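Everything below belongs to upload17.tsv, which stores TSV, C-alpha atoms.
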chain	number	residue	atom	x	y	z
A	1	MET	CA	237.72	182.70	204.15
A	2	LYS	CA	235.33	182.22	207.04
A	3	ILE	CA	238.12	182.47	209.61
A	4	LEU	CA	239.31	185.70	208.07
A	5	TRP	CA	235.77	187.07	208.07
A	6	ASP	CA	235.34	186.18	211.74
A	7	GLU	CA	238.64	187.88	212.62
A	8	MET	CA	237.52	190.96	210.79
A	9	SER	CA	234.10	190.86	212.46
A	10	ILE	CA	235.73	190.86	215.90
A	11	GLU	CA	237.69	193.98	214.97
A	12	VAL	CA	234.67	195.69	213.46
A	13	ASN	CA	232.54	194.92	216.51
A	14	LYS	CA	235.17	196.50	218.76
A	15	GLN	CA	234.65	199.82	217.02
A	16	LYS	CA	231.88	201.48	218.96
A	17	LEU	CA	231.82	204.79	217.21
A	18	LEU	CA	228.15	205.53	216.79
A	19	THR	CA	226.67	207.81	219.38
A	20	ASP	CA	222.99	208.30	220.22
A	21	LYS	CA	223.11	211.75	218.69
A	22	LEU	CA	224.72	210.52	215.48
A	23	ILE	CA	222.08	207.81	214.99
A	24	LEU	CA	219.22	210.25	215.46
A	25	GLN	CA	220.91	212.76	213.18
A	26	MET	CA	221.23	210.10	210.47
A	27	THR	CA	217.51	209.33	210.46
A	28	GLN	CA	216.54	212.99	210.59
A	29	GLU	CA	218.97	214.19	207.90
A	30	ARG	CA	217.96	211.40	205.58
A	31	PHE	CA	214.28	212.18	206.11
A	32	ASN	CA	214.83	215.83	205.20
A	33	ASN	CA	216.97	214.95	202.19
A	34	ARG	CA	214.35	212.50	200.99
A	35	ILE	CA	211.62	215.10	200.98
A	36	ARG	CA	213.83	217.46	198.99
A	37	SER	CA	215.20	214.87	196.57
A	38	ILE	CA	211.91	213.18	195.66
A	39	SER	CA	209.79	216.21	195.16
A	40	ILE	CA	211.89	218.85	193.42
A	41	PRO	CA	213.29	217.40	190.14
A	42	GLU	CA	210.26	215.30	189.25
A	43	THR	CA	207.83	218.07	190.15
A	44	ILE	CA	209.69	220.75	188.19
A	45	GLY	CA	209.96	218.50	185.12
A	46	SER	CA	206.30	217.58	185.22
A	47	ILE	CA	205.12	221.15	185.81
A	48	PHE	CA	207.20	222.25	182.83
A	49	CYS	CA	205.63	219.60	180.57
A	50	PHE	CA	202.10	220.24	181.80
A	51	ALA	CA	202.57	224.00	181.35
A	52	ILE	CA	203.56	223.52	177.69
A	53	ALA	CA	200.59	221.19	177.13
A	54	PHE	CA	198.28	223.70	178.81
A	55	TYR	CA	199.64	226.57	176.69
A	56	ILE	CA	199.01	224.63	173.48
A	57	LEU	CA	195.51	223.67	174.61
A	58	VAL	CA	194.68	227.31	175.38
A	59	ASN	CA	195.80	228.25	171.84
A	60	PHE	CA	194.20	225.26	170.19
A	61	ASN	CA	191.71	227.43	168.25
A	62	LYS	CA	194.65	228.94	166.31
A	63	LEU	CA	195.43	225.54	164.80
A	64	ASP	CA	193.33	225.80	161.68
A	65	THR	CA	194.74	223.19	159.29
A	66	TRP	CA	194.99	219.40	159.56
A	67	TYR	CA	198.77	219.48	160.06
A	68	PHE	CA	198.56	222.10	162.80
A	69	LEU	CA	195.88	220.07	164.52
A	70	ALA	CA	197.86	216.83	164.15
A	71	SER	CA	200.99	218.52	165.52
A	72	GLY	CA	198.99	220.00	168.38
A	73	ILE	CA	197.46	216.68	169.39
A	74	TYR	CA	200.83	214.90	169.14
A	75	THR	CA	202.65	217.50	171.24
A	76	VAL	CA	199.94	217.78	173.91
A	77	ALA	CA	199.74	213.99	174.19
A	78	TYR	CA	203.53	213.77	174.51
A	79	PHE	CA	203.73	216.39	177.26
A	80	LEU	CA	200.81	214.92	179.19
A	81	VAL	CA	201.36	211.19	178.86
A	82	ILE	CA	205.15	210.81	179.07
A	83	PRO	CA	205.63	212.64	182.42
A	84	ILE	CA	202.74	210.66	183.92
A	85	LEU	CA	204.27	207.36	182.75
A	86	VAL	CA	207.72	208.35	184.04
A	87	LEU	CA	206.33	209.41	187.42
A	88	MET	CA	204.33	206.19	187.68
A	89	ALA	CA	207.42	204.09	186.90
A	90	ILE	CA	209.52	205.97	189.47
A	91	LYS	CA	206.75	205.61	192.05
A	92	LYS	CA	206.65	201.87	191.40
A	93	MET	CA	210.40	201.58	191.99
A	94	LYS	CA	210.22	203.61	195.19
A	95	LYS	CA	207.23	201.69	196.49
A	96	VAL	CA	209.27	198.54	197.15
A	97	ASN	CA	208.38	197.36	200.65
A	98	PHE	CA	211.64	197.01	202.58
A	99	GLY	CA	210.06	195.90	205.83
A	100	ASN	CA	207.91	193.02	204.65
A	101	ASN	CA	209.60	191.82	201.47
A	102	ASN	CA	212.43	189.36	201.47
A	103	PHE	CA	215.60	189.87	199.42
A	104	LYS	CA	214.27	187.93	196.40
A	105	GLN	CA	210.93	189.76	196.30
A	106	THR	CA	212.65	193.12	196.60
A	107	LEU	CA	214.99	192.25	193.74
A	108	LEU	CA	212.07	191.10	191.61
A	109	ASP	CA	209.96	194.20	192.29
A	110	PHE	CA	212.87	196.52	191.74
A	111	ALA	CA	214.05	194.86	188.52
A	112	LYS	CA	210.51	194.93	187.12
A	113	GLY	CA	210.13	198.60	188.07
A	114	LYS	CA	213.46	199.39	186.44
A	115	ASN	CA	212.47	197.59	183.25
A	116	GLN	CA	209.25	199.56	183.06
A	117	PHE	CA	211.13	202.80	183.63
A	118	PHE	CA	213.68	202.04	180.88
A	119	PHE	CA	210.87	201.08	178.51
A	120	VAL	CA	209.15	204.43	179.06
A	121	GLN	CA	212.44	206.27	178.60
A	122	LYS	CA	213.11	204.43	175.35
A	123	ILE	CA	209.65	205.19	173.99
A	124	SER	CA	209.96	208.86	174.91
A	125	LEU	CA	213.30	209.00	173.14
A	126	TYR	CA	211.76	207.63	169.92
A	127	LEU	CA	208.77	209.97	170.20
A	128	SER	CA	211.01	212.99	170.71
A	129	ALA	CA	212.02	212.69	167.04
A	130	GLY	CA	208.46	213.61	166.05
A	131	LEU	CA	208.40	216.32	168.69
A	132	ILE	CA	211.28	218.12	167.01
A	133	VAL	CA	209.16	218.65	163.90
A	134	THR	CA	205.82	219.32	165.58
A	135	SER	CA	207.26	221.83	168.03
A	136	LEU	CA	208.70	223.92	165.18
A	137	ILE	CA	205.39	223.86	163.32
A	138	LEU	CA	203.44	224.80	166.46
A	139	ALA	CA	205.88	227.46	167.64
A	140	GLY	CA	205.65	229.25	164.31
A	141	LYS	CA	201.88	229.18	164.33
A	142	ILE	CA	201.09	229.90	167.98
A	143	LEU	CA	203.83	232.42	168.72
A	144	SER	CA	203.85	234.41	165.47
A	145	ASP	CA	200.89	233.15	163.48
A	146	LYS	CA	203.09	231.90	160.66
A	147	ASP	CA	202.59	228.79	158.57
A	148	ILE	CA	206.06	227.39	158.24
A	149	PHE	CA	205.10	225.42	155.13
A	150	MET	CA	203.95	228.57	153.33
A	151	GLU	CA	206.89	230.76	154.32
A	152	ASN	CA	209.81	231.14	151.97
A	153	GLY	CA	212.30	231.21	154.82
A	154	THR	CA	215.32	228.98	155.16
A	155	VAL	CA	214.37	227.59	158.53
A	156	TRP	CA	213.86	224.00	157.30
A	157	PHE	CA	217.31	223.99	155.69
A	158	TRP	CA	219.19	224.55	158.90
A	159	TYR	CA	216.70	223.37	161.53
A	160	ILE	CA	216.12	219.84	160.25
A	161	PRO	CA	219.79	218.87	159.60
A	162	LEU	CA	220.77	220.41	162.95
A	163	MET	CA	218.04	218.58	164.84
A	164	VAL	CA	218.63	215.28	163.03
A	165	THR	CA	222.33	215.44	163.93
A	166	PHE	CA	221.50	216.30	167.53
A	167	LEU	CA	218.91	213.54	167.75
A	168	PHE	CA	221.25	211.00	166.20
A	169	PHE	CA	223.97	211.56	168.80
A	170	PHE	CA	221.56	212.01	171.68
A	171	SER	CA	219.58	208.88	170.87
A	172	SER	CA	222.60	206.67	170.21
A	173	TRP	CA	224.00	207.69	173.59
A	174	GLY	CA	220.61	207.35	175.32
A	175	LEU	CA	219.66	204.02	173.78
A	176	LYS	CA	223.05	202.52	174.52
A	177	HIS	CA	222.69	203.63	178.13
A	178	TYR	CA	219.18	202.19	178.48
A	179	ARG	CA	220.08	198.99	176.66
A	180	ASN	CA	222.89	198.25	179.09
A	181	LYS	CA	220.80	199.04	182.15
A	182	ALA	CA	217.80	197.11	180.85
A	183	LYS	CA	220.00	194.11	180.08
A	184	GLN	CA	221.30	194.05	183.66
A	185	ALA	CA	217.75	194.14	185.03
A	186	GLU	CA	216.69	191.50	182.51
A	187	ASN	CA	219.53	189.15	183.52
A	188	LEU	CA	218.66	189.57	187.17
A	189	LEU	CA	215.02	188.74	186.49
A	190	LYS	CA	216.00	185.70	184.47
A	191	ASP	CA	218.25	184.51	187.29
A	192	LEU	CA	215.47	184.92	189.84
A	193	GLU	CA	212.79	183.34	187.72
A	194	ASN	CA	214.93	180.31	186.97
A	195	GLU	CA	215.58	179.79	190.65
A	196	GLU	CA	213.65	176.64	191.22
A	197	ASN	CA	215.06	175.02	188.08
A	198	ASN	CA	218.48	174.81	189.66
B	199	MET	CA	211.01	208.08	223.69
B	200	GLN	CA	211.28	204.45	224.74
B	201	LYS	CA	211.01	203.40	221.09
B	202	GLN	CA	213.83	205.79	220.21
B	203	ASN	CA	216.10	204.47	222.95
B	204	GLU	CA	215.36	200.90	221.98
B	205	PHE	CA	216.24	201.70	218.36
B	206	ILE	CA	219.48	203.45	219.29
B	207	GLU	CA	220.51	200.49	221.39
B	208	ILE	CA	219.89	198.03	218.52
B	209	ILE	CA	221.86	200.14	216.05
B	210	LYS	CA	224.77	200.48	218.44
B	211	GLN	CA	224.83	196.75	219.05
B	212	ASN	CA	224.76	196.00	215.33
B	213	GLU	CA	226.79	198.78	213.76
B	214	GLY	CA	229.36	196.19	212.67
B	215	ILE	CA	226.78	194.33	210.58
B	216	ILE	CA	225.69	197.52	208.83
B	217	PHE	CA	229.34	198.37	208.20
B	218	LYS	CA	230.01	195.00	206.54
B	219	VAL	CA	226.91	195.18	204.35
B	220	THR	CA	227.76	198.68	203.17
B	221	LEU	CA	231.30	197.66	202.36
B	222	VAL	CA	230.11	194.81	200.13
B	223	TYR	CA	227.53	196.87	198.28
B	224	SER	CA	229.41	200.10	197.66
B	225	SER	CA	232.34	200.93	195.46
B	226	ASN	CA	233.76	203.98	197.22
B	227	LYS	CA	233.72	205.83	200.52
B	228	GLU	CA	231.07	208.32	199.45
B	229	GLU	CA	228.69	205.59	198.36
B	230	GLN	CA	229.37	203.68	201.53
B	231	LYS	CA	228.58	206.65	203.75
B	232	ASP	CA	225.41	207.31	201.86
B	233	LEU	CA	224.31	203.68	202.01
B	234	TYR	CA	225.12	203.46	205.72
B	235	GLN	CA	222.89	206.39	206.45
B	236	GLU	CA	220.14	205.10	204.18
B	237	ILE	CA	220.14	201.74	205.98
B	238	VAL	CA	219.86	203.39	209.39
B	239	TYR	CA	216.99	205.50	208.05
B	240	GLN	CA	215.18	202.48	206.57
B	241	LEU	CA	215.66	200.55	209.81
B	242	TRP	CA	214.09	203.40	211.74
B	243	LYS	CA	211.22	203.57	209.23
B	244	SER	CA	210.40	199.90	209.58
B	245	PHE	CA	211.21	199.61	213.25
B	246	ASP	CA	207.56	199.02	214.13
B	247	SER	CA	207.36	195.97	211.87
B	248	PHE	CA	210.29	194.46	213.78
B	249	ARG	CA	208.75	195.26	217.15
B	250	ASN	CA	205.55	193.58	216.08
B	251	GLU	CA	206.81	190.38	214.60
B	252	SER	CA	210.17	189.28	213.25
B	253	LYS	CA	213.40	188.10	214.81
B	254	MET	CA	215.87	190.95	215.26
B	255	SER	CA	218.71	189.62	213.11
B	256	THR	CA	216.34	188.56	210.29
B	257	TRP	CA	214.79	192.01	210.26
B	258	LEU	CA	218.15	193.78	210.34
B	259	TYR	CA	219.77	191.76	207.54
B	260	ARG	CA	216.61	191.94	205.46
B	261	ILE	CA	216.35	195.71	205.65
B	262	ALA	CA	220.10	196.23	205.16
B	263	LEU	CA	220.20	193.97	202.08
B	264	ASN	CA	216.95	195.31	200.60
B	265	THR	CA	218.22	198.86	201.01
B	266	SER	CA	221.58	198.03	199.45
B	267	ILE	CA	220.16	196.46	196.31
B	268	THR	CA	217.70	199.23	195.63
B	269	HIS	CA	219.96	202.08	196.59
B	270	LEU	CA	220.72	204.19	193.54
B	271	LYS	CA	224.41	204.38	192.88
B	272	ASN	CA	226.03	207.73	192.25
B	273	GLU	CA	222.87	209.45	193.30
B	274	LYS	CA	223.76	213.09	193.22
B	275	ARG	CA	220.68	214.51	194.83
B	276	ASN	CA	221.03	213.18	198.30
B	277	GLY	CA	221.80	216.49	199.89
B	278	ASN	CA	223.63	216.58	203.17
B	279	ARG	CA	225.00	213.62	204.98
B	280	VAL	CA	225.76	213.30	208.61
B	281	SER	CA	229.48	213.16	209.11
B	282	ILE	CA	230.16	209.49	209.73
B	283	ASP	CA	233.65	209.41	208.27
B	284	LYS	CA	235.06	208.26	211.55
B	285	ILE	CA	233.08	205.07	211.48
B	286	LEU	CA	233.90	204.01	207.99
B	287	LEU	CA	237.04	202.49	206.64
B	288	ASN	CA	239.16	203.43	209.59
B	289	MET	CA	240.09	199.95	210.53
B	290	SER	CA	243.71	200.59	209.74
B	291	ASP	CA	244.13	202.62	212.92
B	292	GLN	CA	243.48	199.63	215.05
B	293	ASN	CA	244.18	196.62	212.95
B	294	ASP	CA	246.92	194.30	212.11
B	295	THR	CA	248.09	195.29	208.63
B	296	LEU	CA	248.27	191.72	207.42
B	297	ILE	CA	244.68	190.99	208.37
B	298	GLU	CA	243.62	194.27	206.86
B	299	GLU	CA	245.33	193.42	203.60
B	300	ARG	CA	243.73	189.97	203.45
B	301	VAL	CA	240.31	191.40	204.31
B	302	LYS	CA	240.70	193.89	201.48
B	303	VAL	CA	241.50	191.09	199.04
B	304	LEU	CA	238.49	189.12	200.26
B	305	TYR	CA	236.20	192.13	199.86
B	306	ASP	CA	237.57	192.82	196.40
B	307	HIS	CA	236.65	189.29	195.33
B	308	ILE	CA	233.20	189.46	196.90
B	309	LYS	CA	232.55	192.75	195.14
B	310	GLU	CA	233.07	191.03	191.80
B	311	LEU	CA	230.04	188.79	192.46
B	312	ASN	CA	226.57	189.78	191.30
B	313	THR	CA	223.92	191.37	193.54
B	314	ILE	CA	222.30	188.09	194.60
B	315	GLU	CA	225.59	186.29	195.18
B	316	LYS	CA	226.96	189.11	197.34
B	317	GLY	CA	223.94	188.88	199.65
B	318	ILE	CA	224.11	185.12	200.00
B	319	ILE	CA	227.85	184.90	200.66
B	320	LEU	CA	227.63	187.74	203.16
B	321	LEU	CA	224.98	185.91	205.15
B	322	TYR	CA	226.97	182.69	204.95
B	323	LEU	CA	230.13	184.38	206.20
B	324	GLU	CA	228.12	185.97	208.97
B	325	GLY	CA	227.46	182.46	210.23
B	326	LYS	CA	223.88	182.09	209.08
B	327	ASN	CA	222.74	178.55	208.28
B	328	TYR	CA	220.83	177.60	205.12
B	329	ASP	CA	217.45	177.96	206.82
B	330	ASP	CA	218.24	181.46	208.09
B	331	ILE	CA	219.58	182.48	204.67
B	332	SER	CA	216.43	181.07	203.10
B	333	ILE	CA	214.19	183.09	205.45
B	334	ILE	CA	216.11	186.33	204.86
B	335	THR	CA	216.48	185.98	201.10
B	336	GLY	CA	213.31	184.14	200.11
B	337	PHE	CA	215.22	181.50	198.14
B	338	SER	CA	214.48	177.88	199.00
B	339	THR	CA	216.97	176.08	201.24
B	340	THR	CA	217.99	173.81	198.36
B	341	ASN	CA	218.52	176.78	196.12
B	342	VAL	CA	220.62	178.52	198.76
B	343	GLY	CA	222.84	175.43	198.85
B	344	THR	CA	223.17	175.33	195.07
B	345	ARG	CA	223.93	179.01	194.85
B	346	LEU	CA	226.46	178.86	197.68
B	347	ALA	CA	228.34	175.99	196.03
B	348	ARG	CA	228.47	178.00	192.81
B	349	ILE	CA	229.63	181.15	194.63
B	350	LYS	CA	232.40	179.26	196.43
B	351	GLN	CA	233.62	177.85	193.13
B	352	LYS	CA	233.54	181.30	191.59
B	353	LEU	CA	235.49	182.83	194.47
B	354	LYS	CA	238.02	180.01	194.38
B	355	ALA	CA	238.56	180.53	190.67
B	356	GLN	CA	238.96	184.28	191.20
B	357	ILE	CA	241.46	183.84	194.00
B	358	ILE	CA	243.54	181.29	192.05
B	359	LYS	CA	243.60	183.63	189.06
Written form, structure tokens:
Amino acid sequence: MKILWDEMSIEVNKQKLLTDKLILQMTQERFNNRIRSISIPETIGSIFCFAIAFYILVNFNKLDTWYFLASGIYTVAYFLVIPILVLMAIKKMKKVNFGNNNFKQTLLDFAKGKNQFFFVQKISLYLSAGLIVTSLILAGKILSDKDIFMENGTVWFWYIPLMVTFLFFFSSWGLKHYRNKAKQAENLLKDLENEENN
Amino acid sequence: MQKQNEFIEIIKQNEGIIFKVTLVYSSNKEEQKDLYQEIVYQLWKSFDSFRNESKMSTWLYRIALNTSITHLKNEKRNGNRVSIDKILLNMSDQNDTLIEERVKVLYDHIKELNTIEKGIILLYLEGKNYDDISIITGFSTTNVGTRLARIKQKLKAQIIK
């Protein structure tokens, strides 16, 4: 195996294909891409959530019953806290120090960051079930000053089954995805933490 | 300017190492290209830390491995890449087909190992001794030995299968 690797290394080392220009381009392109890729999706998502929270807060005086108030508080808390937690978890993962950390420390930091991120995602998925109900209640009240509990409309009959079905499929897919990813990170952590026992 | 030239020289001298690391930690050409570029970028970013303290090969392997394990697979928001197709996976133009075939088999087996094992076997195959591997990875020398023995057994079992 080692002989084969050495033979291959000789061949690979013969290939001098990188030019000065190409190396500089690589660092520059990556730097530009990084600025674009980090800022745009997370910023747009957070702005969207904060805007909804802000809109509800501005209309908070319209929420005149206990269930409107409870829905308002729940929704505002969701749209303020979840994006902050997600951004913090992402920041933690990206903060891994490549230059000073060794391989083991990097793996540990990254696996811990990933675990935290998956935990936040899982929580937000559970909380989104409540959001489905509160957002309907709030939308009716704030946008058209209607109390959905007092109306004789059929909205509950189609909205709730539709949303429950959607949530069921969405959450089973989402939780399965997070469970697998979290398990991988968990196994890695276990392996690293048991190191000295070997 | 001097820093830039120094960096370019180091990358050119060690492009083979970066190539081998990217091949172990990626599952297709696209991923490999992306990882290659990310490693060069991270090396440039931490170039000062190398100039101030560590040994060149320790620094290079450390950054390359750290980047590989934290690099998000299938990341679709990377934007443009510099065209480095020529560098990657073009060994067939110059190589003996038999060696190429055997190298491919070896890589396929290494790719089946987990993240930690891939890093350790790569360093071992690169000729690093237990102490060097310990410095780069952060595992104790004894643990490196234990892990290596286990990896070799695993690879042997895979190859026999």
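Across the model, the gap from atom CA of Leu108 of chain A to atom CA of Glu193 of chain A is 8.7 Å.
Restricting the calculation to all atoms listed in the file, the smallest distance between Tyr55 of chain A and any of A:Ile10, A:Ser135, A:Lys92, A:Ile142 is found for A:Ile142.
Of the residues under consideration (B:Leu241, B:Val301, B:Leu353, B:Ile267), B:Ile267 shows the shortest atom-to-atom contact distance to Gly317 of chain B when counting all atoms listed in the file.
Proximity to Asn100 of chain A was assessed for B:Asp329, B:Asp306, B:Ile357, B:Ser247 counting only C-alpha atoms; the smallest distance is recorded for B:Ser247.
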Distance of atom CA of Gly99 of chain A from atom CA of Ser244 of chain B, expressed in Å to one decimal place: 5.5 Å
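Proximity to Arg179 of chain A was assessed for A:Lys94, A:Lys122, A:Lys146, A:Lys141 counting all atoms listed in the file; the smallest distance is recorded for A:Lys122.
Across the structure, atom CA of Ala53 of chain A and atom CA of Val76 of chain A are spaced 4.7 Å apart.
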Nearest candidate to Val164 of chain A (options A:Gly72, A:Gly130, A:Gly113, A:Gly140; using all atoms listed in the file): A:Gly130
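Taking all atoms listed in the file into account, chain A lies nearest to B:Tyr239 out of the set B:Tyr322, B:Tyr328, B:Tyr239, B:Tyr259.
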Distance query Ile319 of chain B at most 9 Å, all atoms listed in the file, self and fewer than 6 positions along chain excluded, as number ranges by chain: B: 308, 346, 349-350
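Residues lying within 8 Å of Met8 of chain A, counting all atoms listed in the file and ignoring same-chain neighbours fewer than 2 positions away, are A:Leu4, A:Trp5, A:Asp6, A:Ile10, A:Glu11, A:Val12, B:Ile297, B:Glu298, B:Val301.
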Keeping only C-alpha atoms, write those residues as a PDB file, in the frame of the given file.
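Output saved as part.pdb:
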ATOM      1  CA  LEU A   4     239.310 185.700 208.070  1.00  0.00           C
ATOM      2  CA  TRP A   5     235.770 187.070 208.070  1.00  0.00           C
ATOM      3  CA  ASP A   6     235.340 186.180 211.740  1.00  0.00           C
ATOM      4  CA  ILE A  10     235.730 190.860 215.900  1.00  0.00           C
ATOM      5  CA  GLU A  11     237.690 193.980 214.970  1.00  0.00           C
ATOM      6  CA  VAL A  12     234.670 195.690 213.460  1.00  0.00           C
TER       7      VAL A  12
ATOM      8  CA  ILE B 297     244.680 190.990 208.370  1.00  0.00           C
ATOM      9  CA  GLU B 298     243.620 194.270 206.860  1.00  0.00           C
ATOM     10  CA  VAL B 301     240.310 191.400 204.310  1.00  0.00           C
TER      11      VAL B 301
END
Writing C-alpha atoms and nothing else, produce segment 78-161 of chain A as a JSON list (two decimals), in the first residue's frame.
[["chain", "number", "residue", "atom", "x", "y", "z"],
["A", 78, "TYR", "CA", -40.58, 32.51, 17.59],
["A", 79, "PHE", "CA", -39.56, 35.02, 14.91],
["A", 80, "LEU", "CA", -37.08, 36.78, 17.18],
["A", 81, "VAL", "CA", -35.47, 33.92, 19.08],
["A", 82, "ILE", "CA", -35.19, 31.16, 16.46],
["A", 83, "PRO", "CA", -33.25, 33.19, 13.84],
["A", 84, "ILE", "CA", -30.89, 34.45, 16.54],
["A", 85, "LEU", "CA", -30.24, 30.89, 17.77],
["A", 86, "VAL", "CA", -29.71, 29.61, 14.22],
["A", 87, "LEU", "CA", -27.32, 32.46, 13.38],
["A", 88, "MET", "CA", -25.40, 31.87, 16.61],
["A", 89, "ALA", "CA", -25.07, 28.15, 15.88],
["A", 90, "ILE", "CA", -23.86, 28.82, 12.32],
["A", 91, "LYS", "CA", -21.41, 31.42, 13.60],
["A", 92, "LYS", "CA", -20.06, 28.88, 16.09],
["A", 93, "MET", "CA", -19.48, 26.34, 13.32],
["A", 94, "LYS", "CA", -17.76, 28.89, 11.10],
["A", 95, "LYS", "CA", -15.60, 30.19, 13.92],
["A", 96, "VAL", "CA", -13.46, 27.04, 14.03],
["A", 97, "ASN", "CA", -9.84, 28.15, 14.09],
["A", 98, "PHE", "CA", -8.08, 26.38, 11.21],
["A", 99, "GLY", "CA", -4.68, 27.93, 11.83],
["A", 100, "ASN", "CA", -4.17, 27.16, 15.50],
["A", 101, "ASN", "CA", -6.33, 24.10, 16.12],
["A", 102, "ASN", "CA", -5.14, 20.60, 15.49],
["A", 103, "PHE", "CA", -7.24, 18.02, 13.64],
["A", 104, "LYS", "CA", -8.81, 16.62, 16.84],
["A", 105, "GLN", "CA", -9.76, 20.03, 18.24],
["A", 106, "THR", "CA", -11.25, 21.09, 14.92],
["A", 107, "LEU", "CA", -13.32, 17.91, 14.77],
["A", 108, "LEU", "CA", -14.50, 18.42, 18.34],
["A", 109, "ASP", "CA", -15.45, 22.08, 17.82],
["A", 110, "PHE", "CA", -17.17, 21.35, 14.55],
["A", 111, "ALA", "CA", -19.12, 18.34, 15.83],
["A", 112, "LYS", "CA", -20.28, 20.31, 18.87],
["A", 113, "GLY", "CA", -21.32, 23.23, 16.67],
["A", 114, "LYS", "CA", -23.20, 20.86, 14.38],
["A", 115, "ASN", "CA", -25.01, 19.26, 17.32],
["A", 116, "GLN", "CA", -26.10, 22.65, 18.58],
["A", 117, "PHE", "CA", -27.31, 23.61, 15.12],
["A", 118, "PHE", "CA", -29.34, 20.40, 14.71],
["A", 119, "PHE", "CA", -30.83, 20.87, 18.17],
["A", 120, "VAL", "CA", -32.02, 24.37, 17.27],
["A", 121, "GLN", "CA", -33.43, 23.11, 13.97],
["A", 122, "LYS", "CA", -35.30, 20.32, 15.74],
["A", 123, "ILE", "CA", -36.78, 22.69, 18.31],
["A", 124, "SER", "CA", -37.87, 25.14, 15.62],
["A", 125, "LEU", "CA", -39.54, 22.30, 13.75],
["A", 126, "TYR", "CA", -41.57, 21.33, 16.84],
["A", 127, "LEU", "CA", -42.46, 24.96, 17.55],
["A", 128, "SER", "CA", -43.61, 25.52, 13.98],
["A", 129, "ALA", "CA", -46.64, 23.32, 14.76],
["A", 130, "GLY", "CA", -47.88, 26.00, 17.17],
["A", 131, "LEU", "CA", -46.99, 28.70, 14.68],
["A", 132, "ILE", "CA", -49.42, 27.26, 12.14],
["A", 133, "VAL", "CA", -52.32, 27.94, 14.51],
["A", 134, "THR", "CA", -51.14, 31.26, 15.94],
["A", 135, "SER", "CA", -50.34, 32.74, 12.54],
["A", 136, "LEU", "CA", -53.90, 32.05, 11.32],
["A", 137, "ILE", "CA", -55.38, 33.62, 14.44],
["A", 138, "LEU", "CA", -53.13, 36.68, 14.16],
["A", 139, "ALA", "CA", -53.52, 37.11, 10.41],
["A", 140, "GLY", "CA", -57.30, 37.21, 10.75],
["A", 141, "LYS", "CA", -57.15, 39.75, 13.52],
["A", 142, "ILE", "CA", -54.37, 42.06, 12.35],
["A", 143, "LEU", "CA", -55.08, 42.04, 8.62],
["A", 144, "SER", "CA", -58.89, 42.12, 8.63],
["A", 145, "ASP", "CA", -59.89, 42.65, 12.24],
["A", 146, "LYS", "CA", -61.73, 39.33, 12.39],
["A", 147, "ASP", "CA", -61.93, 36.95, 15.33],
["A", 148, "ILE", "CA", -61.57, 33.57, 13.74],
["A", 149, "PHE", "CA", -63.22, 31.87, 16.72],
["A", 150, "MET", "CA", -66.35, 34.01, 16.37],
["A", 151, "GLU", "CA", -66.69, 33.74, 12.60],
["A", 152, "ASN", "CA", -68.96, 31.13, 11.12],
["A", 153, "GLY", "CA", -66.60, 30.49, 8.22],
["A", 154, "THR", "CA", -65.23, 27.13, 7.20],
["A", 155, "VAL", "CA", -61.60, 28.11, 7.48],
["A", 156, "TRP", "CA", -60.82, 25.74, 10.38],
["A", 157, "PHE", "CA", -62.28, 22.79, 8.47],
["A", 158, "TRP", "CA", -59.85, 23.00, 5.60],
["A", 159, "TYR", "CA", -56.93, 24.90, 7.15],
["A", 160, "ILE", "CA", -56.21, 22.61, 10.09],
["A", 161, "PRO", "CA", -56.35, 19.24, 8.22]]
